[in-house]
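Asks: For reference, this is work.cif, and it has mmCIF, C-alpha atoms; chains and numbers go by the auth columns.
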```
data_query
#
loop_
_atom_site.group_PDB
_atom_site.id
_atom_site.type_symbol
_atom_site.label_atom_id
_atom_site.label_comp_id
_atom_site.label_asym_id
_atom_site.label_seq_id
_atom_site.Cartn_x
_atom_site.Cartn_y
_atom_site.Cartn_z
_atom_site.B_iso_or_equiv
_atom_site.auth_seq_id
_atom_site.auth_asym_id
ATOM 1 C CA MET A 1 15.026 235.271 193.776 0.00 1 A
ATOM 2 C CA ARG A 2 14.724 235.071 189.982 0.00 2 A
ATOM 3 C CA ASN A 3 13.807 231.371 190.160 0.00 3 A
ATOM 4 C CA GLU A 4 11.082 232.070 192.690 0.00 4 A
ATOM 5 C CA ARG A 5 9.606 234.825 190.519 0.00 5 A
ATOM 6 C CA GLU A 6 9.623 232.499 187.486 0.00 6 A
ATOM 7 C CA TYR A 7 7.920 229.800 189.560 0.00 7 A
ATOM 8 C CA VAL A 8 5.196 232.198 190.727 0.00 8 A
ATOM 9 C CA GLU A 9 4.606 233.475 187.196 0.00 9 A
ATOM 10 C CA TYR A 10 4.371 229.940 185.846 0.00 10 A
ATOM 11 C CA VAL A 11 1.930 228.834 188.544 0.00 11 A
ATOM 12 C CA GLN A 12 -0.270 231.904 188.115 0.00 12 A
ATOM 13 C CA ALA A 13 -0.440 231.381 184.359 0.00 13 A
ATOM 14 C CA ARG A 14 -1.044 227.610 184.481 0.00 14 A
ATOM 15 C CA MET A 15 -3.290 227.253 187.552 0.00 15 A
ATOM 16 C CA PRO A 16 -6.589 226.911 185.612 0.00 16 A
ATOM 17 C CA TRP A 17 -5.068 224.182 183.420 0.00 17 A
ATOM 18 C CA LEU A 18 -3.634 222.355 186.445 0.00 18 A
ATOM 19 C CA ARG A 19 -6.972 222.446 188.279 0.00 19 A
ATOM 20 C CA ARG A 20 -8.893 221.172 185.231 0.00 20 A
ATOM 21 C CA LEU A 21 -6.435 218.331 184.698 0.00 21 A
ATOM 22 C CA ALA A 22 -6.537 217.388 188.378 0.00 22 A
ATOM 23 C CA TYR A 23 -10.352 217.476 188.369 0.00 23 A
ATOM 24 C CA ARG A 24 -10.483 215.245 185.319 0.00 24 A
ATOM 25 C CA LEU A 25 -8.243 212.781 187.101 0.00 25 A
ATOM 26 C CA CYS A 26 -9.963 212.927 190.510 0.00 26 A
ATOM 27 C CA GLY A 27 -13.564 213.722 189.637 0.00 27 A
ATOM 28 C CA GLN A 28 -13.985 215.960 192.719 0.00 28 A
ATOM 29 C CA TRP A 29 -12.925 219.582 193.135 0.00 29 A
ATOM 30 C CA PRO A 30 -11.678 219.262 196.739 0.00 30 A
ATOM 31 C CA ALA A 31 -9.510 216.280 195.815 0.00 31 A
ATOM 32 C CA ALA A 32 -8.318 218.085 192.686 0.00 32 A
ATOM 33 C CA ASP A 33 -7.303 221.135 194.706 0.00 33 A
ATOM 34 C CA ASP A 34 -5.385 218.931 197.160 0.00 34 A
ATOM 35 C CA LEU A 35 -3.666 217.180 194.270 0.00 35 A
ATOM 36 C CA VAL A 36 -2.664 220.498 192.684 0.00 36 A
ATOM 37 C CA GLN A 37 -1.349 221.774 195.996 0.00 37 A
ATOM 38 C CA ASP A 38 0.763 218.646 196.534 0.00 38 A
ATOM 39 C CA CYS A 39 2.084 218.951 192.998 0.00 39 A
ATOM 40 C CA LEU A 40 2.934 222.656 193.409 0.00 40 A
ATOM 41 C CA VAL A 41 4.846 221.982 196.621 0.00 41 A
ATOM 42 C CA ALA A 42 6.900 219.331 194.836 0.00 42 A
ATOM 43 C CA LEU A 43 7.326 221.622 191.832 0.00 43 A
ATOM 44 C CA TYR A 44 8.644 224.405 194.069 0.00 44 A
ATOM 45 C CA ARG A 45 11.230 222.043 195.538 0.00 45 A
ATOM 46 C CA HIS A 46 12.299 220.926 192.048 0.00 46 A
ATOM 47 C CA TRP A 47 11.747 224.167 190.133 0.00 47 A
ATOM 48 C CA ARG A 48 15.336 224.426 188.932 0.00 48 A
ATOM 49 C CA LYS A 49 15.127 220.995 187.298 0.00 49 A
ATOM 50 C CA ALA A 50 11.566 221.559 185.997 0.00 50 A
ATOM 51 C CA SER A 51 12.373 224.940 184.479 0.00 51 A
ATOM 52 C CA ALA A 52 15.344 223.404 182.660 0.00 52 A
ATOM 53 C CA ALA A 53 13.177 220.667 181.121 0.00 53 A
ATOM 54 C CA GLU A 54 12.400 220.706 177.419 0.00 54 A
ATOM 55 C CA SER A 55 8.723 221.315 178.268 0.00 55 A
ATOM 56 C CA VAL A 56 7.796 222.592 181.698 0.00 56 A
ATOM 57 C CA ASP A 57 4.145 221.724 181.057 0.00 57 A
ATOM 58 C CA ALA A 58 5.008 218.114 180.233 0.00 58 A
ATOM 59 C CA TYR A 59 7.195 217.907 183.345 0.00 59 A
ATOM 60 C CA VAL A 60 4.428 219.301 185.563 0.00 60 A
ATOM 61 C CA ARG A 61 1.776 217.123 183.913 0.00 61 A
ATOM 62 C CA ALA A 62 3.872 214.044 184.694 0.00 62 A
ATOM 63 C CA MET A 63 4.303 215.209 188.296 0.00 63 A
ATOM 64 C CA LEU A 64 0.542 215.702 188.663 0.00 64 A
ATOM 65 C CA VAL A 65 -0.335 212.324 187.154 0.00 65 A
ATOM 66 C CA HIS A 66 2.258 210.498 189.263 0.00 66 A
ATOM 67 C CA SER A 67 0.967 212.261 192.372 0.00 67 A
ATOM 68 C CA TYR A 68 -2.587 211.223 191.482 0.00 68 A
ATOM 69 C CA LEU A 69 -1.608 207.594 190.949 0.00 69 A
ATOM 70 C CA ALA A 70 0.409 207.533 194.190 0.00 70 A
ATOM 71 C CA GLU A 71 -2.527 209.029 196.109 0.00 71 A
ATOM 72 C CA ARG A 72 -4.794 206.256 194.832 0.00 72 A
ATOM 73 C CA GLN A 73 -2.389 203.674 196.276 0.00 73 A
ATOM 74 C CA ARG A 74 -2.324 205.243 199.749 0.00 74 A
ATOM 75 C CA SER A 75 -4.406 204.008 202.622 0.00 75 A
ATOM 76 C CA TRP A 76 -8.127 204.675 202.294 0.00 76 A
ATOM 77 C CA THR A 77 -8.085 206.616 205.580 0.00 77 A
ATOM 78 C CA ARG A 78 -6.189 209.460 203.893 0.00 78 A
ATOM 79 C CA ARG A 79 -8.931 209.693 201.259 0.00 79 A
ATOM 80 C CA VAL A 80 -12.018 209.840 203.502 0.00 80 A
ATOM 81 C CA TRP A 81 -13.851 213.156 203.332 0.00 81 A
ATOM 82 C CA PRO A 82 -15.271 214.307 206.682 0.00 82 A
ATOM 83 C CA VAL A 83 -18.141 216.274 205.073 0.00 83 A
ATOM 84 C CA ALA A 84 -20.143 215.970 201.900 0.00 84 A
ATOM 85 C CA GLU A 85 -18.956 217.929 198.890 0.00 85 A
ATOM 86 C CA VAL A 86 -21.087 221.012 198.338 0.00 86 A
ATOM 87 C CA THR A 87 -21.372 222.351 194.829 0.00 87 A
ATOM 88 C CA GLY A 88 -23.412 225.216 193.490 0.00 88 A
ATOM 89 C CA PRO A 89 -25.614 225.069 190.425 0.00 89 A
ATOM 90 C CA ALA A 90 -23.976 225.439 187.032 0.00 90 A
ATOM 91 C CA THR A 91 -24.030 229.049 185.888 0.00 91 A
ATOM 92 C CA VAL A 92 -24.591 228.097 182.262 0.00 92 A
ATOM 93 C CA PRO A 93 -26.756 225.137 181.258 0.00 93 A
ATOM 94 C CA MET A 94 -24.553 222.501 179.659 0.00 94 A
ATOM 95 C CA ALA A 95 -25.553 220.759 176.475 0.00 95 A
ATOM 96 C CA ASP A 96 -26.070 217.053 177.117 0.00 96 A
ATOM 97 C CA ALA A 97 -25.540 217.577 180.859 0.00 97 A
ATOM 98 C CA GLU A 98 -27.058 214.232 181.827 0.00 98 A
ATOM 99 C CA HIS A 99 -24.651 212.418 179.515 0.00 99 A
ATOM 100 C CA ARG A 100 -21.730 214.308 181.046 0.00 100 A
ATOM 101 C CA VAL A 101 -22.861 213.194 184.502 0.00 101 A
ATOM 102 C CA ASP A 102 -23.075 209.597 183.253 0.00 102 A
ATOM 103 C CA LEU A 103 -19.593 209.849 181.746 0.00 103 A
ATOM 104 C CA LEU A 104 -18.074 211.293 184.927 0.00 104 A
ATOM 105 C CA ALA A 105 -19.723 208.565 187.014 0.00 105 A
ATOM 106 C CA ALA A 106 -18.413 205.884 184.661 0.00 106 A
ATOM 107 C CA LEU A 107 -14.905 207.385 184.720 0.00 107 A
ATOM 108 C CA ALA A 108 -14.968 207.262 188.516 0.00 108 A
ATOM 109 C CA LYS A 109 -15.465 203.479 188.319 0.00 109 A
ATOM 110 C CA LEU A 110 -12.336 202.926 186.224 0.00 110 A
ATOM 111 C CA SER A 111 -8.979 202.126 187.755 0.00 111 A
ATOM 112 C CA ALA A 112 -6.720 205.099 188.377 0.00 112 A
ATOM 113 C CA GLY A 113 -4.409 204.085 185.535 0.00 113 A
ATOM 114 C CA GLN A 114 -7.219 203.681 183.015 0.00 114 A
ATOM 115 C CA ARG A 115 -8.742 207.000 184.021 0.00 115 A
ATOM 116 C CA ALA A 116 -5.357 208.719 183.736 0.00 116 A
ATOM 117 C CA VAL A 117 -4.811 207.274 180.250 0.00 117 A
ATOM 118 C CA LEU A 118 -8.210 208.487 179.017 0.00 118 A
ATOM 119 C CA VAL A 119 -7.809 211.938 180.545 0.00 119 A
ATOM 120 C CA LEU A 120 -4.364 212.420 179.010 0.00 120 A
ATOM 121 C CA ARG A 121 -5.260 210.987 175.599 0.00 121 A
ATOM 122 C CA TYR A 122 -8.698 212.500 175.051 0.00 122 A
ATOM 123 C CA TRP A 123 -9.009 215.571 177.290 0.00 123 A
ATOM 124 C CA GLU A 124 -5.403 216.701 177.219 0.00 124 A
ATOM 125 C CA ASP A 125 -5.103 215.562 173.572 0.00 125 A
ATOM 126 C CA LEU A 126 -1.715 213.899 174.041 0.00 126 A
ATOM 127 C CA ASP A 127 -0.523 211.312 171.562 0.00 127 A
ATOM 128 C CA VAL A 128 0.444 207.806 172.656 0.00 128 A
ATOM 129 C CA ALA A 129 4.146 208.643 173.106 0.00 129 A
ATOM 130 C CA GLN A 130 3.429 211.794 175.153 0.00 130 A
ATOM 131 C CA THR A 131 0.980 209.864 177.340 0.00 131 A
ATOM 132 C CA ALA A 132 3.544 207.118 177.891 0.00 132 A
ATOM 133 C CA THR A 133 6.120 209.723 178.907 0.00 133 A
ATOM 134 C CA ALA A 134 3.686 211.393 181.335 0.00 134 A
ATOM 135 C CA LEU A 135 2.793 208.048 182.905 0.00 135 A
ATOM 136 C CA GLY A 136 6.306 206.613 182.825 0.00 136 A
ATOM 137 C CA CYS A 137 5.283 203.500 180.910 0.00 137 A
ATOM 138 C CA SER A 138 5.593 202.010 177.426 0.00 138 A
ATOM 139 C CA THR A 139 3.470 202.996 174.444 0.00 139 A
ATOM 140 C CA GLY A 140 2.116 199.444 174.391 0.00 140 A
ATOM 141 C CA THR A 141 0.826 199.883 177.935 0.00 141 A
ATOM 142 C CA VAL A 142 -0.881 203.141 176.946 0.00 142 A
ATOM 143 C CA LYS A 143 -2.560 201.429 173.982 0.00 143 A
ATOM 144 C CA SER A 144 -3.740 198.427 175.984 0.00 144 A
ATOM 145 C CA GLN A 145 -4.964 200.524 178.929 0.00 145 A
ATOM 146 C CA THR A 146 -6.816 202.813 176.512 0.00 146 A
ATOM 147 C CA SER A 147 -8.473 199.803 174.893 0.00 147 A
ATOM 148 C CA TYR A 148 -9.449 198.287 178.258 0.00 148 A
ATOM 149 C CA ALA A 149 -10.750 201.629 179.533 0.00 149 A
ATOM 150 C CA ILE A 150 -12.875 202.275 176.448 0.00 150 A
ATOM 151 C CA SER A 151 -14.306 198.742 176.654 0.00 151 A
ATOM 152 C CA ALA A 152 -15.159 199.336 180.311 0.00 152 A
ATOM 153 C CA LEU A 153 -16.843 202.646 179.480 0.00 153 A
ATOM 154 C CA ARG A 154 -18.916 200.964 176.796 0.00 154 A
ATOM 155 C CA ARG A 155 -20.144 198.461 179.387 0.00 155 A
ATOM 156 C CA LEU A 156 -20.832 201.156 181.975 0.00 156 A
ATOM 157 C CA LEU A 157 -22.542 203.731 179.767 0.00 157 A
ATOM 158 C CA PRO A 158 -25.982 203.413 178.203 0.00 158 A
ATOM 159 C CA ALA A 159 -26.268 203.735 174.431 0.00 159 A
ATOM 160 C CA TYR A 160 -25.880 207.376 173.494 0.00 160 A
ATOM 161 C CA GLU A 161 -26.903 209.057 170.272 0.00 161 A
ATOM 162 C CA PRO A 162 -26.224 212.810 170.155 0.00 162 A
ATOM 163 C CA GLY A 163 -29.310 214.886 169.499 0.00 163 A
ATOM 164 C CA ARG A 164 -31.843 212.269 170.622 0.00 164 A
ATOM 165 C CA SER A 165 -33.756 213.272 173.725 0.00 165 A
ATOM 166 C CA ASP A 166 -35.277 209.842 174.231 0.00 166 A
ATOM 167 C CA THR A 167 -31.911 208.099 174.566 0.00 167 A
ATOM 168 C CA PRO A 168 -31.840 206.306 177.943 0.00 168 A
#
```
Give the structure from this file in structure tokens form.
Replies:
Amino acid sequence: MRNEREYVEYVQARMPWLRRLAYRLCGQWPAADDLVQDCLVALYRHWRKASAAESVDAYVRAMLVHSYLAERQRSWTRRVWPVAEVTGPATVPMADAEHRVDLLAALAKLSAGQRAVLVLRYWEDLDVAQTATALGCSTGTVKSQTSYAISALRRLLPAYEPGRSDTP
């Protein structure tokens, strides 16, 4: 009973972070919510091991990233959405919103591994070693995938200069 209560408290406290991370990986809220749900089911099954880890957040982050990468390798039929995604307007105008849209579109064109590396390194602010641990790969792989991903983004994104409204 105590373990279940700890699990519930952890999930309630970390749900916004999990959803944001999943969205950054997937690029779509419905897919992010599915990814979080899959991860939470697995976390519940392995809560005893996860709660004993040095960092529960690192353990859960690795679970989420591995689940994301595994989902990308599954058959395309499991990833087809039967209806279009419906989103409401942003409640607060975002600065440089068009550049954010361009960035999200470019991220969606990267491979799952490259996207995961960029999300972990630059949005989650993990260092190379922490990213390698989360992905289950070497630090050299993280460095090379980061380099390849940034090169791909440079090719995909138009030149951007903050503060200039006439930037394409």
Asks: Expand the PyMOL selection byres ((chain A and resi 50) around 12) into the individual residues it matches in the shown file, reporting them as a list in words.
Replies: Asn3, Glu6, Tyr7, Tyr10, Leu40, Ala42, Leu43, Tyr44, Arg45, His46, Trp47, Arg48, Lys49, Ser51, Ala52, Ala53, Glu54, Ser55, Val56, Asp57, Ala58, Tyr59, Val60, Arg61, Ala62 and Met63 of chain A
Asks: Just how far from CA of Ala108 in chain A is CA of Ala31 in chain A, in Å to one decimal?
Replies: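 If I compute the distance from CA of Ala31 in chain A to CA of Ala108 in chain A, I get 12.8 Å.
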Asks: Using all atoms listed in the file, which of the listed residues (A:Cys39, A:Leu21, A:Leu110, A:Leu64) sits closest to Glu124 in chain A?
Replies: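 Counting all atoms listed in the file, the residue closest to Glu124 in chain A is A:Leu21.
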Asks: How many Å separate CA of Ala132 in chain A from CA of Leu18 in chain A?
Replies: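 Going from CA of Ala132 in chain A over to CA of Leu18 in chain A covers 18.9 Å.
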Asks: Since I can't run it myself right now, could you work out what the PyMOL selection byres ((chain A and resi 25) around 7) selects here and report it as a short mmCIF file (atom, residue, chain, number, x, y, z; two decimals) with C-alpha atoms, in the frame of the given file?
Replies:
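expr-v3.cif, written as the output of this step:
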```cif
data_model
loop_
_atom_site.label_atom_id
_atom_site.label_comp_id
_atom_site.auth_asym_id
_atom_site.auth_seq_id
_atom_site.Cartn_x
_atom_site.Cartn_y
_atom_site.Cartn_z
CA LEU A 21 -6.44 218.33 184.70
CA ALA A 22 -6.54 217.39 188.38
CA TYR A 23 -10.35 217.48 188.37
CA ARG A 24 -10.48 215.24 185.32
CA CYS A 26 -9.96 212.93 190.51
CA GLY A 27 -13.56 213.72 189.64
CA ARG A 115 -8.74 207.00 184.02
CA ALA A 116 -5.36 208.72 183.74
CA VAL A 119 -7.81 211.94 180.54
#
```
Asks: Go ahead and compute the interatomic distance for CA of Leu126 in chain A and CA of Met15 in chain A, in Å to one decimal.
Replies: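 Those two atoms sit 19.1 Å apart.
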Asks: Report as an NGL selection string the residues that result from applying the PyMOL selection byres ((chain A and resi 143-150) around 10) to the structure here.
Replies: :A and (107 or 110-111 or 113-118 or 121-122 or 128-129 or 131-132 or 138-142 or 151-156)
Asks: Would you save the residues of that selection, restricted to C-alpha atoms, as a compact mmCIF listing (two decimals), in the frame of the given file?
Replies:
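selection-v3.txt, written as the output of this step:
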```
# COMPACT_ATOMS: atom_id res chain seq x y z
CA LEU A 107 -14.90 207.38 184.72
CA LEU A 110 -12.34 202.93 186.22
CA SER A 111 -8.98 202.13 187.76
CA GLY A 113 -4.41 204.08 185.54
CA GLN A 114 -7.22 203.68 183.02
CA ARG A 115 -8.74 207.00 184.02
CA ALA A 116 -5.36 208.72 183.74
CA VAL A 117 -4.81 207.27 180.25
CA LEU A 118 -8.21 208.49 179.02
CA ARG A 121 -5.26 210.99 175.60
CA TYR A 122 -8.70 212.50 175.05
CA VAL A 128 0.44 207.81 172.66
CA ALA A 129 4.15 208.64 173.11
CA THR A 131 0.98 209.86 177.34
CA ALA A 132 3.54 207.12 177.89
CA SER A 138 5.59 202.01 177.43
CA THR A 139 3.47 203.00 174.44
CA GLY A 140 2.12 199.44 174.39
CA THR A 141 0.83 199.88 177.94
CA VAL A 142 -0.88 203.14 176.95
CA SER A 151 -14.31 198.74 176.65
CA ALA A 152 -15.16 199.34 180.31
CA LEU A 153 -16.84 202.65 179.48
CA ARG A 154 -18.92 200.96 176.80
CA ARG A 155 -20.14 198.46 179.39
CA LEU A 156 -20.83 201.16 181.98
```
Asks: Please write out, as JSON, where the centre of an axis-aligned box around all listed atoms of range 102-120 of chain A lies and how long its edges are, in Å to one decimal, after adding 6 Å on each side.
Replies:
```
{"center_x": -13.7, "center_y": 207.3, "center_z": 183.8, "size_x": 30.7, "size_y": 22.3, "size_z": 21.5}
```
Asks: Can I get range 23-34 of chain A with N, CA and C atoms filled in, as a short mmCIF file (atom, residue, chain, number, x, y, z; two decimals), keeping the file's coordinate frame?
Replies:
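Dumped to part_21.cif:
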```cif
data_model
loop_
_atom_site.label_atom_id
_atom_site.label_comp_id
_atom_site.auth_asym_id
_atom_site.auth_seq_id
_atom_site.Cartn_x
_atom_site.Cartn_y
_atom_site.Cartn_z
N TYR A 23 -8.93 217.83 188.23
CA TYR A 23 -10.35 217.48 188.37
C TYR A 23 -10.71 216.31 187.46
N ARG A 24 -10.19 216.34 186.25
CA ARG A 24 -10.48 215.24 185.32
C ARG A 24 -9.92 213.93 185.83
N LEU A 25 -8.82 213.99 186.52
CA LEU A 25 -8.24 212.78 187.10
C LEU A 25 -9.03 212.33 188.33
N CYS A 26 -9.34 213.27 189.22
CA CYS A 26 -9.96 212.93 190.51
C CYS A 26 -11.48 212.83 190.46
N GLY A 27 -12.11 213.71 189.70
CA GLY A 27 -13.56 213.72 189.64
C GLY A 27 -14.23 214.51 190.74
N GLN A 28 -13.44 215.14 191.62
CA GLN A 28 -13.98 215.96 192.72
C GLN A 28 -13.09 217.18 192.89
N TRP A 29 -13.72 218.35 193.01
CA TRP A 29 -12.92 219.58 193.14
C TRP A 29 -12.06 219.62 194.39
N PRO A 30 -12.56 219.22 195.56
CA PRO A 30 -11.68 219.26 196.74
C PRO A 30 -10.44 218.37 196.58
N ALA A 31 -10.64 217.18 196.04
CA ALA A 31 -9.51 216.28 195.82
C ALA A 31 -8.57 216.84 194.75
N ALA A 32 -9.14 217.48 193.74
CA ALA A 32 -8.32 218.08 192.69
C ALA A 32 -7.47 219.22 193.25
N ASP A 33 -8.07 220.04 194.10
CA ASP A 33 -7.30 221.14 194.71
C ASP A 33 -6.18 220.61 195.60
N ASP A 34 -6.44 219.55 196.34
CA ASP A 34 -5.38 218.93 197.16
C ASP A 34 -4.27 218.38 196.28
#
```
